[in-house]
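Chemist: Sharing work30.pdb (PDB, C-alpha atoms) below.
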MODEL        1
ATOM      1  CA  LYS A  24      82.096  15.430  63.006
ATOM      2  CA  ASP A  25      81.161  19.068  62.942
ATOM      3  CA  LYS A  26      79.209  20.468  59.977
ATOM      4  CA  TYR A  27      80.092  23.773  58.346
ATOM      5  CA  SER A  28      78.548  26.206  55.911
ATOM      6  CA  ILE A  29      81.223  27.522  53.550
ATOM      7  CA  SER A  30      80.384  30.380  51.191
ATOM      8  CA  ASN A  31      81.754  33.547  49.689
ATOM      9  CA  SER A  32      79.686  36.670  50.321
ATOM     10  CA  LYS A  33      81.238  38.395  47.286
ATOM     11  CA  GLN A  34      79.909  35.775  44.846
ATOM     12  CA  LYS A  35      76.402  34.361  44.540
ATOM     13  CA  TYR A  36      77.727  31.282  42.745
ATOM     14  CA  VAL A  37      81.152  29.658  42.867
ATOM     15  CA  GLY A  38      82.458  27.628  39.926
ATOM     16  CA  VAL A  39      84.593  24.569  40.580
ATOM     17  CA  ALA A  40      86.749  22.460  38.275
ATOM     18  CA  CYS A  41      85.037  19.182  37.486
ATOM     19  CA  LEU A  42      84.899  16.389  34.951
ATOM     20  CA  PHE A  43      81.744  14.959  33.389
ATOM     21  CA  LYS A  44      81.285  11.870  31.228
ATOM     22  CA  VAL A  45      78.321   9.953  29.876
ATOM     23  CA  TRP A  46      78.887   6.196  29.655
ATOM     24  CA  ASP A  47      76.744   3.808  27.652
ATOM     25  CA  ILE A  48      76.523   0.588  29.619
ATOM     26  CA  HIS A  49      74.335  -2.080  28.026
ATOM     27  CA  GLY A  50      72.228   0.597  26.320
ATOM     28  CA  LYS A  51      71.701   2.633  29.478
ATOM     29  CA  GLU A  52      73.237   6.106  29.867
ATOM     30  CA  ILE A  53      75.196   6.504  33.080
ATOM     31  CA  LEU A  54      76.111  10.083  34.010
ATOM     32  CA  CYS A  55      79.403  10.440  35.901
ATOM     33  CA  PHE A  56      80.675  13.597  37.576
ATOM     34  CA  THR A  57      83.669  14.333  39.786
ATOM     35  CA  ILE A  58      84.979  17.510  41.413
ATOM     36  CA  ILE A  59      88.725  18.106  41.147
ATOM     37  CA  THR A  60      90.310  18.870  44.506
ATOM     38  CA  LYS A  61      93.606  20.080  45.917
ATOM     39  CA  ASP A  62      95.175  20.407  49.349
ATOM     40  CA  ALA A  63      93.059  22.715  51.496
ATOM     41  CA  ASN A  64      94.243  26.281  51.979
ATOM     42  CA  SER A  65      95.242  27.525  55.429
ATOM     43  CA  GLN A  66      91.719  28.742  56.211
ATOM     44  CA  LEU A  67      89.945  25.461  55.376
ATOM     45  CA  SER A  68      92.625  22.970  56.419
ATOM     46  CA  LYS A  69      91.285  23.140  59.998
ATOM     47  CA  ILE A  70      88.053  21.587  58.662
ATOM     48  CA  HIS A  71      89.280  19.193  55.967
ATOM     49  CA  GLY A  72      92.508  18.261  54.198
ATOM     50  CA  ARG A  73      91.103  18.756  50.673
ATOM     51  CA  MET A  74      89.065  21.443  48.921
ATOM     52  CA  PRO A  75      87.578  21.911  45.444
ATOM     53  CA  ILE A  76      89.532  23.869  42.868
ATOM     54  CA  VAL A  77      87.522  27.099  42.759
ATOM     55  CA  LEU A  78      87.507  28.964  39.441
ATOM     56  CA  ASP A  79      87.184  32.688  38.885
ATOM     57  CA  GLU A  80      85.156  33.872  35.858
ATOM     58  CA  LYS A  81      88.142  33.951  33.493
ATOM     59  CA  SER A  82      89.319  30.472  34.532
ATOM     60  CA  GLU A  83      85.768  29.165  34.319
ATOM     61  CA  ALA A  84      85.518  30.280  30.676
ATOM     62  CA  ILE A  85      88.784  28.489  29.862
ATOM     63  CA  TRP A  86      87.731  25.351  31.756
ATOM     64  CA  ILE A  87      84.425  24.887  29.909
ATOM     65  CA  ASP A  88      85.793  25.749  26.449
ATOM     66  CA  PRO A  89      86.156  22.459  24.528
ATOM     67  CA  GLU A  90      88.874  24.104  22.402
ATOM     68  CA  SER A  91      91.151  24.858  25.399
ATOM     69  CA  LYS A  92      94.567  23.212  25.133
ATOM     70  CA  ILE A  93      95.726  20.849  27.882
ATOM     71  CA  GLU A  94      98.557  23.241  28.845
ATOM     72  CA  LYS A  95      96.055  26.046  29.459
ATOM     73  CA  LEU A  96      93.833  23.742  31.534
ATOM     74  CA  GLN A  97      96.801  22.649  33.641
ATOM     75  CA  GLN A  98      97.646  26.316  34.177
ATOM     76  CA  VAL A  99      94.090  26.960  35.401
ATOM     77  CA  LEU A 100      94.402  24.115  37.917
ATOM     78  CA  GLU A 101      97.811  25.252  39.167
ATOM     79  CA  GLN A 102      96.811  28.912  39.491
ATOM     80  CA  SER A 103      93.491  28.453  41.254
ATOM     81  CA  GLY A 104      93.378  31.198  43.851
ATOM     82  CA  ASP A 105      92.885  31.029  47.574
ATOM     83  CA  MET A 106      89.867  33.253  48.023
ATOM     84  CA  LYS A 107      88.629  33.967  51.517
ATOM     85  CA  TYR A 108      85.522  32.119  52.614
ATOM     86  CA  ASP A 109      82.778  32.769  55.117
ATOM     87  CA  VAL A 110      82.856  29.704  57.376
ATOM     88  CA  PHE A 111      80.178  28.980  59.963
ATOM     89  CA  LYS A 112      79.536  25.931  62.117
ATOM     90  CA  VAL A 113      75.969  24.676  61.613
TER      91      VAL A 113
ENDMDL
END
Spell out the structure here as structure tokens.

Modeler:
Amino acid sequence: KDKYSISNSKQKYVGVACLFKVWDIHGKEILCFTIITKDANSQLSKIHGRMPIVLDEKSEAIWIDPESKIEKLQQVLEQSGDMKYDVFKV
């Protein structure tokens, strides 16, 4: 398989939608983390069939707000944009 570097020259950091949970299993904390994905956009589908849901600053603020309603979070997931990426084979 080929390896790629995927970035966005307009943003130093890119936020992605994810879920985080701490489980207590027999007195030991287990940290769990998953990135939420969607079908890859036309630019990245040549590399992989899935891609992370990338959040802009406004969506990021909604996503991390513990007071956000489920309807608003679903809207964030459905409206995640298809920004252009800088893709290079490494």

Chemist: Identify which of the residues A:Gln97, A:Thr57, A:His49, A:Ile70 lies closest to Lys26 in chain A, counting all atoms listed in the file when measuring atom-to-atom distances.

Modeler: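 Using all atoms listed in the file, Lys26 in chain A sits closest to A:Ile70.
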
Chemist: Would you please work out which residue, of A:Glu80, A:Trp86, A:His71, A:Phe111, is nearest to Lys24 in chain A when using only C-alpha atoms?

Modeler: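 With only C-alpha atoms as the atom set, the closest residue is A:His71.
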
Chemist: For a test of reading the model, state the distance in Å between CA of Ala84 in chain A and CA of Phe56 in chain A, rounded to one decimal.

Modeler: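 CA of Ala84 in chain A sits 18.7 Å away from CA of Phe56 in chain A.
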
Chemist: Since I can't run it myself right now, could you work out what the PyMOL selection byres ((chain A and resi 112) around 9) selects here and report it as number ranges by chain?

Modeler: A: 25-29, 110-111, 113

Chemist: How would the residues just chosen look if you wrote them out with C-alpha atoms as a short mmCIF file (atom, residue, chain, number, x, y, z; two decimals), in the frame of the given file?

Modeler:
data_model
loop_
_atom_site.label_atom_id
_atom_site.label_comp_id
_atom_site.auth_asym_id
_atom_site.auth_seq_id
_atom_site.Cartn_x
_atom_site.Cartn_y
_atom_site.Cartn_z
CA ASP A 25 81.16 19.07 62.94
CA LYS A 26 79.21 20.47 59.98
CA TYR A 27 80.09 23.77 58.35
CA SER A 28 78.55 26.21 55.91
CA ILE A 29 81.22 27.52 53.55
CA VAL A 110 82.86 29.70 57.38
CA PHE A 111 80.18 28.98 59.96
CA VAL A 113 75.97 24.68 61.61
#

Chemist: Written as a list in words, which residues does the PyMOL selection byres ((chain A and resi 38) around 8) give for the file shown?

Modeler: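 That selection, the PyMOL selection byres ((chain A and resi 38) around 8), comes back as Tyr36, Val37, Val39, Ala40, Val77, Leu78, Asp79, Glu80 and Glu83 of chain A.
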
Chemist: On this file, the PyMOL selection byres ((chain A and resi 63) around 6) gives some set of residues; write that set as a count of residues only.

Modeler: 7

Chemist: For a quick check of understanding, using all atoms listed in the file, which of A:Lys35, A:Gln66, A:Lys51, A:Pro89 has the smallest distance to Lys107 in chain A?

Modeler: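 The shortest atom-to-atom distance to Lys107 in chain A comes from A:Gln66.
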
Chemist: Taking all listed atoms of range 102-109 of chain A, build the axis-aligned box, pad each of the six sides by 4 Å, then write its centre and edge lengths in Å to one decimal as lines of an AutoDock Vina configuration file.

Modeler:
center_x = 89.8
center_y = 31.2
center_z = 47.3
size_x = 22.0
size_y = 13.5
size_z = 23.6

Chemist: Of the candidates A:Ile48, A:Cys41, A:Val99, A:Leu54, which one gets nearest to Lys81 in chain A if we count all atoms listed in the file?

Modeler: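 Under the stated criterion, the closest residue is A:Val99.
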
Chemist: What does the distance between CA of Phe43 in chain A and CA of Gln102 in chain A come to in Å, to one decimal place?

Modeler: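 That distance, rounded to one decimal, is 21.4 Å.
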
Chemist: For Ser65 in chain A, which residue out of A:Ile87, A:Leu100, A:Leu42, A:Met106 is the nearest one, using all atoms listed in the file?

Modeler: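 The answer is A:Met106, which sits nearest to Ser65 in chain A.
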
Chemist: Near Asn31 in chain A, counting all atoms listed in the file, which residues have an atom at most 7 Å away, once you skip same-chain residues fewer than 2 positions from it, shown as a tab-separated table (two decimals) with C-alpha atoms, in the frame of the given file?

Modeler:
chain	number	residue	atom	x	y	z
A	33	LYS	CA	81.24	38.40	47.29
A	34	GLN	CA	79.91	35.78	44.85
A	108	TYR	CA	85.52	32.12	52.61
A	109	ASP	CA	82.78	32.77	55.12

Chemist: In Å, rounded to a single decimal, give me how far CA of Trp46 in chain A is from CA of Glu94 in chain A.

Modeler: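 Pair CA of Glu94 in chain A / CA of Trp46 in chain A returns 26.0 Å.
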
Chemist: Quick one: of A:Lys69, A:Ser30, A:Ser91, A:Ile59, who's nearest to Ser103 in chain A, counting all atoms listed in the file?

Modeler: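 Under the stated criterion, the closest residue is A:Ile59.
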
Chemist: Would you mind writing range 95-106 of chain A with all heavy atoms, as a tab-separated table (two decimals), keeping the file's coordinate frame?

Modeler:
chain	number	residue	atom	x	y	z
A	95	LYS	N	96.83	24.95	28.87
A	95	LYS	CA	96.06	26.05	29.46
A	95	LYS	C	95.19	25.53	30.62
A	95	LYS	O	95.07	26.19	31.65
A	95	LYS	CB	95.17	26.68	28.38
A	95	LYS	CG	94.60	27.99	28.77
A	95	LYS	CD	95.66	29.05	28.86
A	95	LYS	CE	95.04	30.41	29.06
A	95	LYS	NZ	96.02	31.43	29.37
A	96	LEU	N	94.64	24.33	30.46
A	96	LEU	CA	93.83	23.74	31.53
A	96	LEU	C	94.69	23.43	32.76
A	96	LEU	O	94.28	23.67	33.89
A	96	LEU	CB	93.14	22.48	31.03
A	96	LEU	CG	92.10	22.70	29.93
A	96	LEU	CD1	91.65	21.37	29.34
A	96	LEU	CD2	90.92	23.51	30.44
A	97	GLN	N	95.89	22.92	32.53
A	97	GLN	CA	96.80	22.65	33.64
A	97	GLN	C	97.16	23.94	34.36
A	97	GLN	O	97.23	23.98	35.59
A	97	GLN	CB	98.07	21.96	33.14
A	97	GLN	CG	97.83	20.52	32.76
A	97	GLN	CD	99.04	19.88	32.10
A	97	GLN	OE1	99.77	20.50	31.33
A	97	GLN	NE2	99.26	18.61	32.42
A	98	GLN	N	97.34	25.01	33.59
A	98	GLN	CA	97.65	26.32	34.18
A	98	GLN	C	96.49	26.79	35.07
A	98	GLN	O	96.71	27.31	36.16
A	98	GLN	CB	97.88	27.31	33.04
A	98	GLN	CG	98.64	28.54	33.39
A	98	GLN	CD	98.94	29.35	32.14
A	98	GLN	OE1	98.11	29.47	31.24
A	98	GLN	NE2	100.13	29.90	32.09
A	99	VAL	N	95.27	26.58	34.61
A	99	VAL	CA	94.09	26.96	35.40
A	99	VAL	C	94.10	26.22	36.73
A	99	VAL	O	93.87	26.80	37.79
A	99	VAL	CB	92.78	26.67	34.62
A	99	VAL	CG1	91.57	26.69	35.53
A	99	VAL	CG2	92.61	27.67	33.49
A	100	LEU	N	94.39	24.91	36.69
A	100	LEU	CA	94.40	24.12	37.92
A	100	LEU	C	95.50	24.58	38.87
A	100	LEU	O	95.28	24.67	40.08
A	100	LEU	CB	94.60	22.64	37.59
A	100	LEU	CG	93.46	21.96	36.83
A	100	LEU	CD1	93.84	20.53	36.48
A	100	LEU	CD2	92.16	22.02	37.59
A	101	GLU	N	96.68	24.86	38.33
A	101	GLU	CA	97.81	25.25	39.17
A	101	GLU	C	97.65	26.65	39.75
A	101	GLU	O	98.18	26.93	40.83
A	101	GLU	CB	99.10	25.18	38.35
A	101	GLU	CG	99.48	23.76	37.98
A	101	GLU	CD	100.53	23.68	36.88
A	101	GLU	OE1	101.01	24.73	36.41
A	101	GLU	OE2	100.85	22.54	36.48
A	102	GLN	N	96.92	27.52	39.06
A	102	GLN	CA	96.81	28.91	39.49
A	102	GLN	C	95.51	29.22	40.22
A	102	GLN	O	95.20	30.38	40.47
A	102	GLN	CB	96.95	29.84	38.29
A	102	GLN	CG	98.31	29.80	37.66
A	102	GLN	CD	98.43	30.67	36.42
A	102	GLN	OE1	97.44	31.22	35.94
A	102	GLN	NE2	99.63	30.80	35.91
A	103	SER	N	94.75	28.18	40.56
A	103	SER	CA	93.49	28.45	41.25
A	103	SER	C	93.79	29.20	42.55
A	103	SER	O	94.64	28.80	43.33
A	103	SER	CB	92.73	27.16	41.53
A	103	SER	OG	93.43	26.33	42.41
A	104	GLY	N	93.09	30.31	42.73
A	104	GLY	CA	93.38	31.20	43.85
A	104	GLY	C	92.87	30.69	45.18
A	104	GLY	O	92.09	29.75	45.27
A	105	ASP	N	93.32	31.33	46.21
A	105	ASP	CA	92.88	31.03	47.57
A	105	ASP	C	92.01	32.17	48.07
A	105	ASP	O	92.45	33.02	48.83
A	105	ASP	CB	94.08	30.86	48.51
A	105	ASP	CG	94.70	29.49	48.39
A	105	ASP	OD1	94.01	28.56	47.93
A	105	ASP	OD2	95.86	29.35	48.78
A	106	MET	N	90.76	32.20	47.57
A	106	MET	CA	89.87	33.25	48.02
A	106	MET	C	89.50	33.03	49.49
A	106	MET	O	89.64	31.93	50.00
A	106	MET	CB	88.62	33.31	47.14
A	106	MET	CG	87.69	32.12	47.27
A	106	MET	SD	86.14	32.31	46.36
A	106	MET	CE	86.68	32.39	44.70
